[in-house]
Each structure stands twice: as structure tokens, then as C-alpha cells.
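The data block below is protein-v8.pdb; it holds PDB, C-alpha atoms.
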ATOM      1  CA  MET A 146     -24.222 -11.727 -12.348
ATOM      2  CA  PHE A 147     -21.439 -12.044  -9.813
ATOM      3  CA  THR A 148     -18.323  -9.899  -9.832
ATOM      4  CA  VAL A 149     -15.389 -11.704  -8.249
ATOM      5  CA  TYR A 150     -12.708  -9.351  -6.975
ATOM      6  CA  ILE A 151      -9.307 -10.930  -6.403
ATOM      7  CA  TYR A 152      -7.154  -8.889  -4.077
ATOM      8  CA  VAL A 153      -3.538  -9.019  -5.252
ATOM      9  CA  LEU A 154      -0.569  -8.041  -3.118
ATOM     10  CA  ASP A 155       3.180  -8.603  -3.189
ATOM     11  CA  THR A 156       4.217 -12.167  -2.252
ATOM     12  CA  LEU A 157       0.728 -13.448  -3.067
ATOM     13  CA  ALA A 158       0.726 -17.264  -2.746
ATOM     14  CA  ASP A 159       0.051 -18.227  -6.372
ATOM     15  CA  TRP A 160      -1.074 -21.821  -5.741
ATOM     16  CA  GLU A 161      -3.774 -20.888  -3.251
ATOM     17  CA  LEU A 162      -5.852 -19.168  -5.936
ATOM     18  CA  GLY A 163      -5.218 -21.580  -8.792
ATOM     19  CA  TYR A 164      -8.245 -23.861  -8.570
ATOM     20  CA  VAL A 165     -10.828 -21.180  -7.901
ATOM     21  CA  THR A 166      -9.666 -18.533 -10.363
ATOM     22  CA  ALA A 167      -9.104 -20.951 -13.249
ATOM     23  CA  GLU A 168     -12.631 -22.340 -13.038
ATOM     24  CA  LEU A 169     -14.399 -19.042 -12.374
ATOM     25  CA  HIS A 170     -12.608 -17.320 -15.243
ATOM     26  CA  SER A 171     -12.898 -20.117 -17.806
ATOM     27  CA  GLY A 172     -16.355 -21.360 -16.846
ATOM     28  CA  ARG A 173     -15.415 -24.633 -18.551
ATOM     29  CA  PHE A 174     -17.422 -26.793 -16.137
ATOM     30  CA  PHE A 175     -20.294 -24.388 -15.446
ATOM     31  CA  LYS A 176     -23.838 -25.660 -15.738
ATOM     32  CA  LYS A 177     -25.934 -24.338 -18.624
ATOM     33  CA  ASN A 178     -27.960 -21.918 -16.535
ATOM     34  CA  ALA A 179     -25.087 -20.765 -14.332
ATOM     35  CA  PRO A 180     -25.035 -17.111 -13.328
ATOM     36  CA  GLU A 181     -22.549 -14.964 -15.208
ATOM     37  CA  VAL A 182     -19.244 -14.405 -13.442
ATOM     38  CA  SER A 183     -16.826 -11.544 -14.039
ATOM     39  CA  VAL A 184     -13.344 -11.883 -12.511
ATOM     40  CA  LYS A 185     -11.297  -8.777 -11.740
ATOM     41  CA  THR A 186      -8.047  -8.156  -9.871
ATOM     42  CA  VAL A 187      -7.778  -5.239  -7.461
ATOM     43  CA  ALA A 188      -4.989  -3.837  -5.314
ATOM     44  CA  VAL A 189      -4.224  -0.846  -3.133
ATOM     45  CA  TYR A 190      -2.716   0.930  -6.130
ATOM     46  CA  GLN A 191      -3.033   0.104  -9.801
ATOM     47  CA  GLU A 192       0.638  -0.819 -10.002
ATOM     48  CA  PRO A 193       2.308  -4.168 -10.825
ATOM     49  CA  VAL A 194       2.332  -6.747  -8.030
ATOM     50  CA  LYS A 195       4.909  -9.541  -7.752
ATOM     51  CA  THR A 196       3.623 -12.903  -6.549
ATOM     52  CA  MET A 197       5.554 -15.370  -4.408
ATOM     53  CA  GLY A 198       6.206 -17.359  -7.572
ATOM     54  CA  GLY A 199       7.718 -14.330  -9.298
ATOM     55  CA  LEU A 200       4.795 -13.617 -11.606
ATOM     56  CA  THR A 201       3.835 -10.015 -12.293
ATOM     57  CA  VAL A 202       0.173  -9.067 -11.998
ATOM     58  CA  ILE A 203      -1.137  -5.725 -13.200
ATOM     59  CA  PRO A 204      -4.379  -5.055 -11.277
ATOM     60  CA  ASP A 205      -7.549  -4.266 -13.190
ATOM     61  CA  GLY A 206      -8.461  -1.697 -10.561
ATOM     62  CA  THR A 207      -8.135  -0.621  -6.953
ATOM     63  CA  VAL A 208      -9.966  -1.316  -3.710
ATOM     64  CA  ASN A 209     -12.084   1.774  -4.354
ATOM     65  CA  ASP A 210     -13.558   0.071  -7.433
ATOM     66  CA  ILE A 211     -15.147  -2.742  -5.417
ATOM     67  CA  VAL A 212     -18.923  -2.462  -5.415
ATOM     68  CA  VAL A 213     -20.470  -3.289  -2.038
ATOM     69  CA  SER A 214     -23.320  -5.533  -3.141
ATOM     70  CA  GLU A 215     -24.698  -9.013  -2.498
ATOM     71  CA  ASN A 216     -23.461  -9.916  -5.978
ATOM     72  CA  SER A 217     -19.845  -9.112  -5.172
ATOM     73  CA  VAL A 218     -17.356 -11.781  -4.118
ATOM     74  CA  LEU A 219     -13.979 -10.981  -2.545
ATOM     75  CA  LEU A 220     -11.078 -13.437  -2.674
ATOM     76  CA  LEU A 221      -8.230 -12.792  -0.235
ATOM     77  CA  PRO A 222      -5.120 -14.933  -0.854
ATOM     78  CA  GLY A 223      -2.277 -15.693   1.507
ATOM     79  CA  ALA A 224       0.894 -13.606   1.385
ATOM     80  CA  ASN A 225       3.857 -12.678   3.569
ATOM     81  CA  THR A 226       2.986  -8.989   3.454
ATOM     82  CA  TRP A 227      -0.415  -8.849   5.159
ATOM     83  CA  ASP A 228       1.053  -6.988   8.144
ATOM     84  CA  ASP A 229       1.601  -3.884   5.987
ATOM     85  CA  PRO A 230      -0.890  -1.225   7.228
ATOM     86  CA  LYS A 231      -1.848  -0.328   3.656
ATOM     87  CA  HIS A 232      -3.929  -3.510   3.488
ATOM     88  CA  GLY A 233      -6.294  -2.117   6.095
ATOM     89  CA  ALA A 234      -8.439  -0.691   3.300
ATOM     90  CA  ILE A 235      -9.300  -4.098   1.838
ATOM     91  CA  ILE A 236     -10.084  -5.545   5.268
ATOM     92  CA  GLU A 237     -12.424  -2.627   5.932
ATOM     93  CA  LYS A 238     -14.052  -3.385   2.581
ATOM     94  CA  ALA A 239     -14.314  -7.055   3.561
ATOM     95  CA  GLY A 240     -16.259  -6.043   6.657
ATOM     96  CA  GLU A 241     -18.631  -3.956   4.542
ATOM     97  CA  LEU A 242     -19.183  -6.840   2.144
ATOM     98  CA  LEU A 243     -19.885  -9.312   4.935
ATOM     99  CA  SER A 244     -22.405  -6.907   6.445
ATOM    100  CA  VAL A 245     -24.501  -6.819   3.246
ATOM    101  CA  GLY A 246     -24.366 -10.584   2.708
ATOM    102  CA  ALA A 247     -21.659 -10.623   0.039
ATOM    103  CA  MET A 248     -19.159 -13.481  -0.011
ATOM    104  CA  VAL A 249     -15.705 -12.995   1.473
ATOM    105  CA  CYS A 250     -13.273 -15.861   0.949
ATOM    106  CA  ALA A 251      -9.923 -15.795   2.757
ATOM    107  CA  ILE A 252      -7.111 -18.329   2.796
ATOM    108  CA  CYS A 253      -3.923 -18.735   4.846
ATOM    109  CA  GLY A 254      -2.393 -15.376   5.833
ATOM    110  CA  ALA A 255      -5.523 -13.491   4.836
ATOM    111  CA  THR A 256      -7.364 -15.143   7.718
ATOM    112  CA  VAL A 257      -4.928 -13.418  10.083
ATOM    113  CA  ALA A 258      -5.864 -10.048   8.636
ATOM    114  CA  LEU A 259      -9.553 -10.828   9.212
ATOM    115  CA  ALA A 260      -8.793 -12.026  12.744
ATOM    116  CA  ASN A 261      -6.899  -8.822  13.529
ATOM    117  CA  ALA A 262      -9.988  -6.834  12.542
ATOM    118  CA  GLY A 263     -12.294  -8.937  14.711
ATOM    119  CA  LEU A 264     -14.159 -10.318  11.698
ATOM    120  CA  LEU A 265     -13.712 -13.929  12.853
ATOM    121  CA  ASP A 266     -14.782 -13.406  16.453
ATOM    122  CA  ARG A 267     -18.381 -14.542  15.886
ATOM    123  CA  ARG A 268     -18.211 -16.549  12.657
ATOM    124  CA  LEU A 269     -17.235 -20.164  12.087
ATOM    125  CA  HIS A 270     -13.800 -20.210  10.489
ATOM    126  CA  THR A 271     -10.474 -21.938  10.132
ATOM    127  CA  SER A 272      -6.831 -21.009   9.522
ATOM    128  CA  ASN A 273      -3.417 -22.666   9.587
ATOM    129  CA  GLY A 274      -4.141 -25.061  12.432
ATOM    130  CA  ALA A 275      -5.387 -24.812  15.994
ATOM    131  CA  GLY A 276      -3.504 -22.182  17.983
ATOM    132  CA  TYR A 277      -2.155 -20.386  14.932
ATOM    133  CA  LEU A 278      -4.405 -17.338  15.112
ATOM    134  CA  GLU A 279      -3.758 -16.950  18.861
ATOM    135  CA  MET A 280      -0.025 -16.969  18.114
ATOM    136  CA  VAL A 281      -0.074 -14.333  15.365
ATOM    137  CA  SER A 282      -3.098 -12.194  16.259
ATOM    138  CA  PRO A 283      -3.037 -10.880  19.859
ATOM    139  CA  GLY A 284      -6.540  -9.432  19.537
ATOM    140  CA  TYR A 285      -8.129 -12.635  18.236
ATOM    141  CA  ASN A 286     -11.217 -13.678  20.228
ATOM    142  CA  GLY A 287     -12.823 -16.252  17.967
ATOM    143  CA  GLN A 288     -11.520 -19.430  19.601
ATOM    144  CA  THR A 289     -14.980 -20.903  20.193
ATOM    145  CA  PHE A 290     -15.826 -20.467  16.495
ATOM    146  CA  PHE A 291     -12.645 -22.102  15.188
ATOM    147  CA  ILE A 292     -12.943 -25.410  13.317
ATOM    148  CA  ASP A 293      -9.812 -27.446  12.649
ATOM    149  CA  ALA A 294     -10.442 -28.282   8.984
ATOM    150  CA  PRO A 295      -8.803 -27.416   5.642
ATOM    151  CA  SER A 296     -11.666 -25.089   4.725
ATOM    152  CA  VAL A 297     -14.835 -23.898   6.462
ATOM    153  CA  ALA A 298     -17.896 -22.265   4.908
ATOM    154  CA  ASP A 299     -20.177 -20.278   7.199
ATOM    155  CA  HIS A 300     -22.950 -18.424   5.387
ATOM    156  CA  ASN A 301     -21.120 -15.796   3.294
ATOM    157  CA  LEU A 302     -17.646 -16.354   4.801
ATOM    158  CA  VAL A 303     -15.320 -19.075   3.489
ATOM    159  CA  THR A 304     -11.928 -19.490   5.167
ATOM    160  CA  ALA A 305      -9.143 -21.989   4.545
ATOM    161  CA  SER A 306      -5.692 -23.042   5.637
ATOM    162  CA  SER A 307      -2.676 -22.932   3.345
ATOM    163  CA  VAL A 308      -3.366 -26.557   2.327
ATOM    164  CA  GLY A 309      -7.114 -26.103   1.872
ATOM    165  CA  SER A 310      -7.250 -24.456  -1.537
ATOM    166  CA  LEU A 311      -9.065 -27.316  -3.293
ATOM    167  CA  LEU A 312     -11.848 -27.622  -0.719
ATOM    168  CA  TRP A 313     -11.968 -23.809  -0.477
ATOM    169  CA  ALA A 314     -12.615 -23.649  -4.214
ATOM    170  CA  LYS A 315     -15.310 -26.333  -3.977
ATOM    171  CA  GLN A 316     -17.117 -24.482  -1.216
ATOM    172  CA  ILE A 317     -16.967 -21.228  -3.165
ATOM    173  CA  PHE A 318     -18.432 -22.930  -6.239
ATOM    174  CA  GLU A 319     -21.203 -24.372  -4.069
ATOM    175  CA  LYS A 320     -22.070 -20.945  -2.715
ATOM    176  CA  LEU A 321     -22.151 -19.448  -6.203
ATOM    177  CA  ALA A 322     -24.136 -22.399  -7.608
ATOM    178  CA  VAL A 323     -22.222 -22.361 -10.894
ATOM    179  CA  PHE A 324     -21.697 -26.148 -11.162
ATOM    180  CA  GLN A 325     -24.195 -28.975 -11.308
ATOM    181  CA  HIS A 326     -23.941 -31.038  -8.139
ATOM    182  CA  ASP A 327     -22.624 -34.159  -9.897
ATOM    183  CA  THR A 328     -20.122 -32.110 -11.889
ATOM    184  CA  LEU A 329     -18.756 -30.481  -8.751
ATOM    185  CA  GLU A 330     -18.488 -33.778  -6.881
ATOM    186  CA  ALA A 331     -16.642 -35.417  -9.777
ATOM    187  CA  TRP A 332     -14.390 -32.382 -10.221
ATOM    188  CA  TYR A 333     -13.454 -32.394  -6.546
ATOM    189  CA  ALA A 334     -12.930 -36.153  -6.417
ATOM    190  CA  TYR A 335     -10.661 -36.080  -9.464
ATOM    191  CA  PHE A 336      -8.406 -33.281  -8.282
ATOM    192  CA  ASN A 337      -8.421 -34.612  -4.730
ATOM    193  CA  THR A 338      -7.462 -38.198  -5.618
ATOM    194  CA  GLY A 339      -6.115 -38.179  -9.172
ATOM    195  CA  GLU A 340      -8.106 -41.336  -9.894
ATOM    196  CA  VAL A 341      -9.025 -41.581 -13.556
ATOM    197  CA  GLN A 342     -12.587 -42.812 -13.024
ATOM    198  CA  HIS A 343     -13.462 -39.436 -11.541
ATOM    199  CA  PHE A 344     -12.144 -37.702 -14.659
ATOM    200  CA  PHE A 345     -14.439 -39.771 -16.864
ATOM    201  CA  ALA A 346     -17.320 -39.168 -14.465
ATOM    202  CA  LEU A 347     -16.641 -35.448 -14.731
ATOM    203  CA  MET A 348     -16.686 -35.595 -18.536
ATOM    204  CA  GLN A 349     -19.944 -37.559 -18.517
ATOM    205  CA  THR A 350     -21.679 -34.887 -16.455
ATOM    206  CA  LEU A 351     -20.952 -32.410 -19.253
ATOM    207  CA  SER A 352     -22.192 -34.548 -22.159
TER     208      SER A 352
END
Output the structure of this file as C-alpha cells.
Amino acid sequence: MFTVYIYVLDTLADWELGYVTAELHSGRFFKKNAPEVSVKTVAVYQEPVKTMGGLTVIPDGTVNDIVVSENSVLLLPGANTWDDPKHGAIIEKAGELLSVGAMVCAICGATVALANAGLLDRRLHTSNGAGYLEMVSPGYNGQTFFIDAPSVADHNLVTASSVGSLLWAKQIFEKLAVFQHDTLEAWYAYFNTGEVQHFFALMQTLS
């Protein structure tokens, strides 16, 4: 069983989490023998968080509740508030998770927080375009590991740009092995292109 911890913080970019959280929580396209997945929200404090879209999220728990285990998955969304020092606790936890082989998945502004902590210096990664991390993270030293792509998966680290949420979700599902291969390919093709034949292909993989 995997426990997926979603870190929530004020100004969280709602759309960046949409694909991955909807599918992991609902399990609607999971294969029959998929591992169980539990989705929980965590924050610095167990107090309401306001997203960029104005939605209120009441966290299920705090950073201290995250279990450091290979079966834990941490999702770090983009936000305009990552420079607040209080988020240092979740980045420290991200480092602990990476060290034990657990998945850490960061998108947009969250990649800056990882860069500031040196967690991208020796791992393949991406962010909001070439030169972005150098501009916003003075201590960033991972230039030779940067790949200019919407989303990059490197072992147990998955990073994405602000426009990479769909591919980011696909790569996370691949790592968790919760979809059949043909289901995942059809799912990605449908949401990536909007072409109806991929929708019917997706439905056929479930029959």
C-alpha cells in the first residue's frame, strides 16, 4: 500500500495537482491488481489553507505525520509562498524520503524549494524552463542535470514545470504501477489531444 501525502500551502496552484490527485483518489482507471493507495493532505499546521483558486483545504495532518518509508509518496505543488521559511520542514522531509527510496514529486515553484536545499544538484530534473532555477535559486548547482522538458522522472524523483502537470501525473502513475500500460497510454493520449478515439480506446482497456 502506498500513502500519498499532498503538501498543501497558501496560494497552492490548484490545476497542477488536478490530474494526479483525481486519479489516485478515485482509482477509477486502476488495474485489477493495483496496489492500494491512500491520499492524505498535510501542512505545517493543521489549519485551513487557501489555494490560488480560492478553495479552502483543511489538512488531514501535519508534516510530522509523514512516515519515512519506501511506500510513502510526497507531492509538492507550485505556490507563490514557497519562500516562507516555515516550509523548510517539508523540504527536510523530502530529503529524508529521497534517501530511503520514497517518491518525491515536485512541480513548478516546489522545484525551487528543492533546488535551494541542494536536492537537485545530482539528480535529473526540470523546472520552469532553462535558466529559471539559476535566476531564482542562487545556490543552485544542478545545471548539468537539468533537462528542458515538461516533466522528468529520475528514479524516485519526478519534477515538472508549471505546464507539465499531465505528463507529471503520467510519470507518477508509471512509477506506482497502478494502471495497465494500455490504459495509461490511452488516458494520456486522450487528455493530451482531446481526440475521441483515445477516449474509446481508454474505455476498451477497462472492459
Exercise for review: Carefully work through the PyMOL selection byres ((chain A and resi 312) around 10) for this structure and note down the residues it includes, as a ChimeraX atom specification.
Suggested key: /A:164-165,294-298,305-306,308-311,313-318,333,337
Give the padded box for segment 269-278 of chain A as JSON: axis-aligned, covering all atoms listed in the file, 8 Å on each side, centre and edge lengths in Å to one decimal.
{"center_x": -9.7, "center_y": -21.2, "center_z": 13.8, "size_x": 31.1, "size_y": 23.7, "size_z": 24.5}
Check your understanding: Hey, what comes out of the PyMOL selection byres ((chain A and resi 268) around 9) on this file? Could you write it as a PyMOL selection string?
Key -> chain A and resi 264-267+269-270+287+290-291+299-300+302
Proximity of segment 162-268 of chain A to segment 146-157 of chain A: per-residue shortest pair, 9 Å limit, all atoms listed in the file, as a tab-separated table:
residue	atom	partner	partner_atom	distance
A:Leu162	CA	A:Ile151	CA	8.9
A:Thr166	CA	A:Ile151	CA	8.6
A:Leu169	CA	A:Val149	CA	8.5
A:Pro180	CA	A:Met146	CA	5.5
A:Glu181	CA	A:Met146	CA	4.6
A:Val182	CA	A:Phe147	CA	4.9
A:Ser183	CA	A:Thr148	CA	4.8
A:Val184	CA	A:Val149	CA	4.7
A:Lys185	CA	A:Tyr150	CA	5.0
A:Thr186	CA	A:Ile151	CA	4.6
A:Val187	CA	A:Tyr152	CA	5.0
A:Ala188	CA	A:Val153	CA	5.4
A:Val189	CA	A:Leu154	CA	8.1
A:Pro193	CA	A:Asp155	CA	8.9
A:Val194	CA	A:Asp155	CA	5.3
A:Lys195	CA	A:Asp155	CA	5.0
A:Thr196	CA	A:Thr156	CA	4.4
A:Met197	CA	A:Thr156	CA	4.1
A:Gly198	CA	A:Thr156	CA	7.7
A:Gly199	CA	A:Thr156	CA	8.2
A:Val202	CA	A:Val153	CA	7.7
A:Ile203	CA	A:Val153	CA	8.9
A:Pro204	CA	A:Val153	CA	7.3
A:Thr207	CA	A:Tyr152	CA	8.8
A:Val208	CA	A:Tyr152	CA	8.1
A:Ile211	CA	A:Tyr150	CA	7.2
A:Val212	CA	A:Thr148	CA	8.7
A:Glu215	CA	A:Phe147	CA	8.6
A:Asn216	CA	A:Phe147	CA	4.8
A:Ser217	CA	A:Thr148	CA	5.0
A:Val218	CA	A:Val149	CA	4.6
A:Leu219	CA	A:Tyr150	CA	4.9
A:Leu220	CA	A:Ile151	CA	4.8
A:Leu221	CA	A:Tyr152	CA	5.6
A:Pro222	CA	A:Leu157	CA	6.4
A:Gly223	CA	A:Leu157	CA	5.9
A:Ala224	CA	A:Leu157	CA	4.5
A:Asn225	CA	A:Thr156	CA	5.9
A:Thr226	CA	A:Thr156	CA	6.6
A:Trp227	CA	A:Leu154	CA	8.3
A:His232	CA	A:Leu154	CA	8.7
A:Ile235	CA	A:Tyr152	CA	7.9
Check your understanding: What does the distance from atom CA of Gln325 of chain A to atom CA of His343 of chain A come to in Å, to one decimal?
Key -> 15.0 Å
**Study point:** Residue neighbourhood Tyr277 of chain A, 9 Å, all atoms listed in the file, exclusion window fewer than 5 positions, as a count of residues only
**Key:** 3
Study note, to complete from the structure: Between atom CA of Asp210 of chain A and atom CA of Ala255 of chain A lies a distance of 20.0 Å
Practice item. Please determine the residues with any atom at most 12 Å from (-12.4, -25.5, -16.1) (coordinates as given in the file, with all atoms listed in the file counting) and report them as a ChimeraX atom specification. Key: /A:163-176,318,323-324,328-329,332-333,336,347-348,351
Check your understanding: Hey, which of A:Val281, A:Gly274, A:Asn301, A:Ala258 ends up closest to Val245 of chain A? Count only C-alpha atoms.
Key ->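 Closest to Val245 of chain A of all the choices is A:Asn301.
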Point to revise | Separation of atom CA of Leu321 of chain A from atom CA of Lys238 of chain A in Å | key: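 So the two atoms, atom CA of Lys238 of chain A and atom CA of Leu321 of chain A, lie 20.0 Å apart.
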**Study point:** Residue nearest Ala275 of chain A - candidates A:Leu259, A:Gly206, A:Ala234, A:Ile292, atoms counted: all atoms listed in the file
**Key:**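 Smallest distance to Ala275 of chain A is found for A:Ile292.
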Review point. Which is closer to Thr350 of chain A than all the others in A:Leu278, A:Val303, A:Ala260, A:Ala331, using all atoms listed in the file?
Key: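 Once distances to Thr350 of chain A are computed over all atoms listed in the file, the minimum belongs to A:Ala331.
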